[in-house]
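Colleague: Below are the structure tokens for one structure; questions will follow.
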Amino acid sequence: MLTGFNHLTLAVGCLTRSIVFYEQTLGFKLSARWKTGAYLSLGELWLCLSSDTLHAEDMQRHYTHYAFSIDQQNFAEFAQRLRGLNVPLWKQDKSEGDSLYFLDPDGHQLEAHVGDLKSRLAKCRIHPYSQMEFFD
């Protein structure tokens, strides 16, 4: 049911430093930035940088995760199957597009997500995050 890799979310200690690194050192393109995060891309890779100064020491453990793409028509069945197998969930979905946040047997944080960077940015243009800027 999963169709491929969707996006990578990295918890970062200093958002500005990380944006500079990914943009200037690795060649990522900055798509949007807001108070606590940024969206960048490199080819088809969607990278989300997420900062939380209140929990900086725990961020890597709490929010770094790997997301896989899934088609909308398969999402409900996939989510039901994982719940039926008692796969533990680690976060409630609050973002654009349906998402299921679940753990693998070793505790790696995974996500099945409907949508892509383009659909996320379109939603954010309607309902931007705090202090969000877009870069075209």
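As shown in the structure tokens, the chain order sets the letters A, B, ...; within each chain, residues go from 1, and ligands are also counted from 1 in the order they appear.
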Enumerate the residues of chain A with a DSSP assignment of strand (DSSP E or B), computed from the backbone, and present them as a PDB file with N, CA and C atoms, in the first residue's frame.
Modeller:
ATOM      1  N   LEU A   2       1.987   1.262   0.675  1.00  0.00           N
ATOM      2  CA  LEU A   2       2.860   2.427   0.629  1.00  0.00           C
ATOM      3  C   LEU A   2       3.453   2.522  -0.770  1.00  0.00           C
ATOM      4  N   THR A   3       3.650   3.753  -1.255  1.00  0.00           N
ATOM      5  CA  THR A   3       4.097   3.917  -2.632  1.00  0.00           C
ATOM      6  C   THR A   3       5.507   4.464  -2.766  1.00  0.00           C
ATOM      7  N   GLY A   4       6.139   4.864  -1.675  1.00  0.00           N
ATOM      8  CA  GLY A   4       7.502   5.385  -1.743  1.00  0.00           C
ATOM      9  C   GLY A   4       7.804   6.275  -0.568  1.00  0.00           C
ATOM     10  N   PHE A   5       8.981   6.871  -0.613  1.00  0.00           N
ATOM     11  CA  PHE A   5       9.397   7.776   0.444  1.00  0.00           C
ATOM     12  C   PHE A   5       8.712   9.114   0.240  1.00  0.00           C
ATOM     13  N   ASN A   6       8.165   9.733   1.295  1.00  0.00           N
ATOM     14  CA  ASN A   6       7.425  10.983   1.183  1.00  0.00           C
ATOM     15  C   ASN A   6       8.263  12.169   1.629  1.00  0.00           C
ATOM     16  N   HIS A   7       8.662  12.186   2.897  1.00  0.00           N
ATOM     17  CA  HIS A   7       9.489  13.286   3.386  1.00  0.00           C
ATOM     18  C   HIS A   7      10.269  12.849   4.616  1.00  0.00           C
ATOM     19  N   LEU A   8      11.267  13.643   4.940  1.00  0.00           N
ATOM     20  CA  LEU A   8      12.097  13.420   6.114  1.00  0.00           C
ATOM     21  C   LEU A   8      11.948  14.637   7.009  1.00  0.00           C
ATOM     22  N   THR A   9      11.617  14.439   8.267  1.00  0.00           N
ATOM     23  CA  THR A   9      11.544  15.522   9.240  1.00  0.00           C
ATOM     24  C   THR A   9      12.683  15.344  10.222  1.00  0.00           C
ATOM     25  N   LEU A  10      13.506  16.387  10.336  1.00  0.00           N
ATOM     26  CA  LEU A  10      14.632  16.360  11.251  1.00  0.00           C
ATOM     27  C   LEU A  10      14.421  17.380  12.363  1.00  0.00           C
ATOM     28  N   ALA A  11      14.582  16.955  13.588  1.00  0.00           N
ATOM     29  CA  ALA A  11      14.561  17.866  14.726  1.00  0.00           C
ATOM     30  C   ALA A  11      15.919  18.554  14.790  1.00  0.00           C
ATOM     31  N   VAL A  12      15.909  19.884  14.892  1.00  0.00           N
ATOM     32  CA  VAL A  12      17.156  20.634  14.886  1.00  0.00           C
ATOM     33  C   VAL A  12      17.233  21.561  16.090  1.00  0.00           C
ATOM     34  N   LYS A  29      16.829  23.669  -1.820  1.00  0.00           N
ATOM     35  CA  LYS A  29      16.088  24.887  -2.132  1.00  0.00           C
ATOM     36  C   LYS A  29      15.106  25.160  -1.002  1.00  0.00           C
ATOM     37  N   LEU A  30      15.176  26.362  -0.432  1.00  0.00           N
ATOM     38  CA  LEU A  30      14.262  26.753   0.631  1.00  0.00           C
ATOM     39  C   LEU A  30      12.912  27.106   0.012  1.00  0.00           C
ATOM     40  N   SER A  31      11.851  26.418   0.463  1.00  0.00           N
ATOM     41  CA  SER A  31      10.499  26.663  -0.049  1.00  0.00           C
ATOM     42  C   SER A  31       9.690  27.537   0.888  1.00  0.00           C
ATOM     43  N   ALA A  32       9.862  27.324   2.203  1.00  0.00           N
ATOM     44  CA  ALA A  32       9.121  28.112   3.194  1.00  0.00           C
ATOM     45  C   ALA A  32       9.858  28.034   4.531  1.00  0.00           C
ATOM     46  N   ARG A  33       9.671  29.090   5.315  1.00  0.00           N
ATOM     47  CA  ARG A  33      10.269  29.133   6.655  1.00  0.00           C
ATOM     48  C   ARG A  33       9.252  29.784   7.576  1.00  0.00           C
ATOM     49  N   TRP A  34       9.178  29.320   8.817  1.00  0.00           N
ATOM     50  CA  TRP A  34       8.307  29.912   9.826  1.00  0.00           C
ATOM     51  C   TRP A  34       9.045  29.900  11.151  1.00  0.00           C
ATOM     52  N   GLY A  37      10.221  26.241  12.042  1.00  0.00           N
ATOM     53  CA  GLY A  37      10.533  25.220  11.059  1.00  0.00           C
ATOM     54  C   GLY A  37      10.774  25.764   9.673  1.00  0.00           C
ATOM     55  N   ALA A  38      11.067  24.839   8.764  1.00  0.00           N
ATOM     56  CA  ALA A  38      11.301  25.191   7.362  1.00  0.00           C
ATOM     57  C   ALA A  38      11.044  23.965   6.488  1.00  0.00           C
ATOM     58  N   TYR A  39      10.613  24.226   5.259  1.00  0.00           N
ATOM     59  CA  TYR A  39      10.485  23.199   4.246  1.00  0.00           C
ATOM     60  C   TYR A  39      11.526  23.482   3.167  1.00  0.00           C
ATOM     61  N   LEU A  40      12.290  22.458   2.818  1.00  0.00           N
ATOM     62  CA  LEU A  40      13.284  22.558   1.761  1.00  0.00           C
ATOM     63  C   LEU A  40      13.098  21.379   0.820  1.00  0.00           C
ATOM     64  N   SER A  41      13.699  21.480  -0.365  1.00  0.00           N
ATOM     65  CA  SER A  41      13.629  20.359  -1.297  1.00  0.00           C
ATOM     66  C   SER A  41      14.957  20.210  -2.018  1.00  0.00           C
ATOM     67  N   LEU A  42      15.201  18.989  -2.443  1.00  0.00           N
ATOM     68  CA  LEU A  42      16.377  18.653  -3.242  1.00  0.00           C
ATOM     69  C   LEU A  42      15.904  17.588  -4.221  1.00  0.00           C
ATOM     70  N   LEU A  45      13.170  15.097  -3.071  1.00  0.00           N
ATOM     71  CA  LEU A  45      13.200  14.962  -1.608  1.00  0.00           C
ATOM     72  C   LEU A  45      12.593  16.179  -0.938  1.00  0.00           C
ATOM     73  N   TRP A  46      11.649  15.948  -0.048  1.00  0.00           N
ATOM     74  CA  TRP A  46      11.028  16.985   0.771  1.00  0.00           C
ATOM     75  C   TRP A  46      11.637  16.844   2.157  1.00  0.00           C
ATOM     76  N   LEU A  47      12.267  17.914   2.641  1.00  0.00           N
ATOM     77  CA  LEU A  47      12.892  17.935   3.960  1.00  0.00           C
ATOM     78  C   LEU A  47      12.186  18.964   4.822  1.00  0.00           C
ATOM     79  N   CYS A  48      11.775  18.554   6.010  1.00  0.00           N
ATOM     80  CA  CYS A  48      11.206  19.465   6.995  1.00  0.00           C
ATOM     81  C   CYS A  48      12.196  19.578   8.148  1.00  0.00           C
ATOM     82  N   LEU A  49      12.566  20.803   8.497  1.00  0.00           N
ATOM     83  CA  LEU A  49      13.380  21.050   9.683  1.00  0.00           C
ATOM     84  C   LEU A  49      12.443  21.571  10.757  1.00  0.00           C
ATOM     85  N   SER A  50      12.513  20.997  11.952  1.00  0.00           N
ATOM     86  CA  SER A  50      11.595  21.360  13.028  1.00  0.00           C
ATOM     87  C   SER A  50      12.377  21.665  14.299  1.00  0.00           C
ATOM     88  N   SER A  51      12.143  22.853  14.848  1.00  0.00           N
ATOM     89  CA  SER A  51      12.866  23.297  16.040  1.00  0.00           C
ATOM     90  C   SER A  51      11.891  23.539  17.180  1.00  0.00           C
ATOM     91  N   HIS A  65      11.554  11.858  12.158  1.00  0.00           N
ATOM     92  CA  HIS A  65      10.823  10.696  11.657  1.00  0.00           C
ATOM     93  C   HIS A  65      10.942  10.591  10.145  1.00  0.00           C
ATOM     94  N   TYR A  66      10.552   9.452   9.633  1.00  0.00           N
ATOM     95  CA  TYR A  66      10.635   9.117   8.220  1.00  0.00           C
ATOM     96  C   TYR A  66       9.224   8.861   7.714  1.00  0.00           C
ATOM     97  N   ALA A  67       8.857   9.546   6.634  1.00  0.00           N
ATOM     98  CA  ALA A  67       7.492   9.441   6.126  1.00  0.00           C
ATOM     99  C   ALA A  67       7.466   8.751   4.767  1.00  0.00           C
ATOM    100  N   PHE A  68       6.481   7.908   4.583  1.00  0.00           N
ATOM    101  CA  PHE A  68       6.266   7.194   3.339  1.00  0.00           C
ATOM    102  C   PHE A  68       4.971   7.678   2.701  1.00  0.00           C
ATOM    103  N   SER A  69       4.935   7.697   1.379  1.00  0.00           N
ATOM    104  CA  SER A  69       3.738   8.117   0.650  1.00  0.00           C
ATOM    105  C   SER A  69       2.720   6.984   0.607  1.00  0.00           C
ATOM    106  N   ILE A  70       1.467   7.382   0.633  1.00  0.00           N
ATOM    107  CA  ILE A  70       0.367   6.438   0.454  1.00  0.00           C
ATOM    108  C   ILE A  70      -0.754   7.175  -0.266  1.00  0.00           C
ATOM    109  N   LEU A  89       1.169   3.803  18.022  1.00  0.00           N
ATOM    110  CA  LEU A  89       1.181   5.131  17.414  1.00  0.00           C
ATOM    111  C   LEU A  89       1.984   6.065  18.315  1.00  0.00           C
ATOM    112  N   TRP A  90       2.598   7.091  17.721  1.00  0.00           N
ATOM    113  CA  TRP A  90       3.426   7.997  18.526  1.00  0.00           C
ATOM    114  C   TRP A  90       2.994   9.457  18.451  1.00  0.00           C
ATOM    115  N   LYS A  91       2.042   9.799  17.592  1.00  0.00           N
ATOM    116  CA  LYS A  91       1.634  11.187  17.455  1.00  0.00           C
ATOM    117  C   LYS A  91       0.267  11.239  16.795  1.00  0.00           C
ATOM    118  N   SER A  99      -2.430  11.488   7.768  1.00  0.00           N
ATOM    119  CA  SER A  99      -1.171  10.891   8.213  1.00  0.00           C
ATOM    120  C   SER A  99      -1.436   9.923   9.343  1.00  0.00           C
ATOM    121  N   LEU A 100      -0.649   8.875   9.384  1.00  0.00           N
ATOM    122  CA  LEU A 100      -0.652   7.950  10.512  1.00  0.00           C
ATOM    123  C   LEU A 100       0.785   7.857  10.988  1.00  0.00           C
ATOM    124  N   TYR A 101       1.015   8.200  12.243  1.00  0.00           N
ATOM    125  CA  TYR A 101       2.346   8.195  12.850  1.00  0.00           C
ATOM    126  C   TYR A 101       2.476   6.939  13.701  1.00  0.00           C
ATOM    127  N   PHE A 102       3.404   6.051  13.351  1.00  0.00           N
ATOM    128  CA  PHE A 102       3.505   4.759  14.022  1.00  0.00           C
ATOM    129  C   PHE A 102       4.962   4.397  14.259  1.00  0.00           C
ATOM    130  N   LEU A 103       5.188   3.410  15.119  1.00  0.00           N
ATOM    131  CA  LEU A 103       6.530   2.955  15.475  1.00  0.00           C
ATOM    132  C   LEU A 103       6.822   1.601  14.849  1.00  0.00           C
ATOM    133  N   GLN A 109      10.452   6.149  14.542  1.00  0.00           N
ATOM    134  CA  GLN A 109       9.216   6.885  14.297  1.00  0.00           C
ATOM    135  C   GLN A 109       8.982   7.010  12.789  1.00  0.00           C
ATOM    136  N   LEU A 110       7.840   6.465  12.350  1.00  0.00           N
ATOM    137  CA  LEU A 110       7.489   6.427  10.944  1.00  0.00           C
ATOM    138  C   LEU A 110       6.152   7.121  10.730  1.00  0.00           C
ATOM    139  N   GLU A 111       5.887   7.463   9.470  1.00  0.00           N
ATOM    140  CA  GLU A 111       4.625   8.108   9.121  1.00  0.00           C
ATOM    141  C   GLU A 111       4.189   7.621   7.742  1.00  0.00           C
ATOM    142  N   ALA A 112       2.906   7.394   7.575  1.00  0.00           N
ATOM    143  CA  ALA A 112       2.305   7.180   6.258  1.00  0.00           C
ATOM    144  C   ALA A 112       1.530   8.451   5.962  1.00  0.00           C
ATOM    145  N   HIS A 113       1.845   9.131   4.843  1.00  0.00           N
ATOM    146  CA  HIS A 113       1.287  10.452   4.573  1.00  0.00           C
ATOM    147  C   HIS A 113       0.691  10.541   3.173  1.00  0.00           C
ATOM    148  N   GLU A 133       7.123  32.503   5.896  1.00  0.00           N
ATOM    149  CA  GLU A 133       7.490  33.180   4.659  1.00  0.00           C
ATOM    150  C   GLU A 133       7.627  32.115   3.569  1.00  0.00           C
ATOM    151  N   PHE A 134       7.289  32.475   2.339  1.00  0.00           N
ATOM    152  CA  PHE A 134       7.401  31.549   1.217  1.00  0.00           C
ATOM    153  C   PHE A 134       8.459  32.050   0.252  1.00  0.00           C
TER     154      PHE A 134
END
Colleague: Leaving out Cys124 in chain A and any residue of its chain fewer than 4 positions from it, which residues lie within 10 Å of it when counting only C-alpha atoms, given as JSON, numbers by chain?
Modeller: {"A": [32, 95, 96, 118, 119, 120, 128, 129, 132, 133, 134]}
Colleague: Residues as selected, N, CA and C atoms, written as a PDB file, in the first residue's frame, can you do that?
Modeller:
ATOM      1  N   ALA A  32       9.862  27.324   2.203  1.00  0.00           N
ATOM      2  CA  ALA A  32       9.121  28.112   3.194  1.00  0.00           C
ATOM      3  C   ALA A  32       9.858  28.034   4.531  1.00  0.00           C
ATOM      4  N   SER A  95      -1.680  17.716  10.561  1.00  0.00           N
ATOM      5  CA  SER A  95      -1.184  18.395   9.368  1.00  0.00           C
ATOM      6  C   SER A  95      -2.119  18.224   8.184  1.00  0.00           C
ATOM      7  N   GLU A  96      -1.750  18.881   7.101  1.00  0.00           N
ATOM      8  CA  GLU A  96      -2.460  18.751   5.828  1.00  0.00           C
ATOM      9  C   GLU A  96      -2.320  17.316   5.350  1.00  0.00           C
ATOM     10  N   LYS A 118       4.119  20.077  -2.401  1.00  0.00           N
ATOM     11  CA  LYS A 118       3.278  21.022  -3.135  1.00  0.00           C
ATOM     12  C   LYS A 118       1.921  21.208  -2.449  1.00  0.00           C
ATOM     13  N   SER A 119       1.284  20.109  -2.048  1.00  0.00           N
ATOM     14  CA  SER A 119      -0.018  20.220  -1.375  1.00  0.00           C
ATOM     15  C   SER A 119       0.126  20.844   0.009  1.00  0.00           C
ATOM     16  N   ARG A 120       1.238  20.550   0.701  1.00  0.00           N
ATOM     17  CA  ARG A 120       1.482  21.159   2.014  1.00  0.00           C
ATOM     18  C   ARG A 120       1.647  22.670   1.887  1.00  0.00           C
ATOM     19  N   PRO A 128      -1.145  29.873   7.091  1.00  0.00           N
ATOM     20  CA  PRO A 128       0.295  29.824   7.367  1.00  0.00           C
ATOM     21  C   PRO A 128       0.606  29.591   8.843  1.00  0.00           C
ATOM     22  N   TYR A 129       1.756  28.966   9.075  1.00  0.00           N
ATOM     23  CA  TYR A 129       2.268  28.805  10.428  1.00  0.00           C
ATOM     24  C   TYR A 129       2.738  30.167  10.936  1.00  0.00           C
ATOM     25  N   MET A 132       5.365  32.699   8.995  1.00  0.00           N
ATOM     26  CA  MET A 132       5.758  31.930   7.818  1.00  0.00           C
ATOM     27  C   MET A 132       6.039  32.827   6.628  1.00  0.00           C
ATOM     28  N   GLU A 133       7.123  32.503   5.896  1.00  0.00           N
ATOM     29  CA  GLU A 133       7.490  33.180   4.659  1.00  0.00           C
ATOM     30  C   GLU A 133       7.627  32.115   3.569  1.00  0.00           C
ATOM     31  N   PHE A 134       7.289  32.475   2.339  1.00  0.00           N
ATOM     32  CA  PHE A 134       7.401  31.549   1.217  1.00  0.00           C
ATOM     33  C   PHE A 134       8.459  32.050   0.252  1.00  0.00           C
TER      34      PHE A 134
END
Colleague: Quick one: distance from CA of Ala76 in chain A to CA of Gly107 in chain A in Å, one decimal?
Modeller: 22.8 Å
Colleague: Could you tell me which of A:Met1, A:Gln92, A:Asp98, A:Phe21 comes closest to Glu77 in chain A if we count only C-alpha atoms?
Modeller: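 Among the listed residues, A:Met1 lies closest to Glu77 in chain A.
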Colleague: Using DSSP secondary structure from the backbone, list all helix (DSSP H, G or I) positions within chain A, as a ChimeraX atom specification.
Modeller: /A:15-25,53-63,72-84,117-126
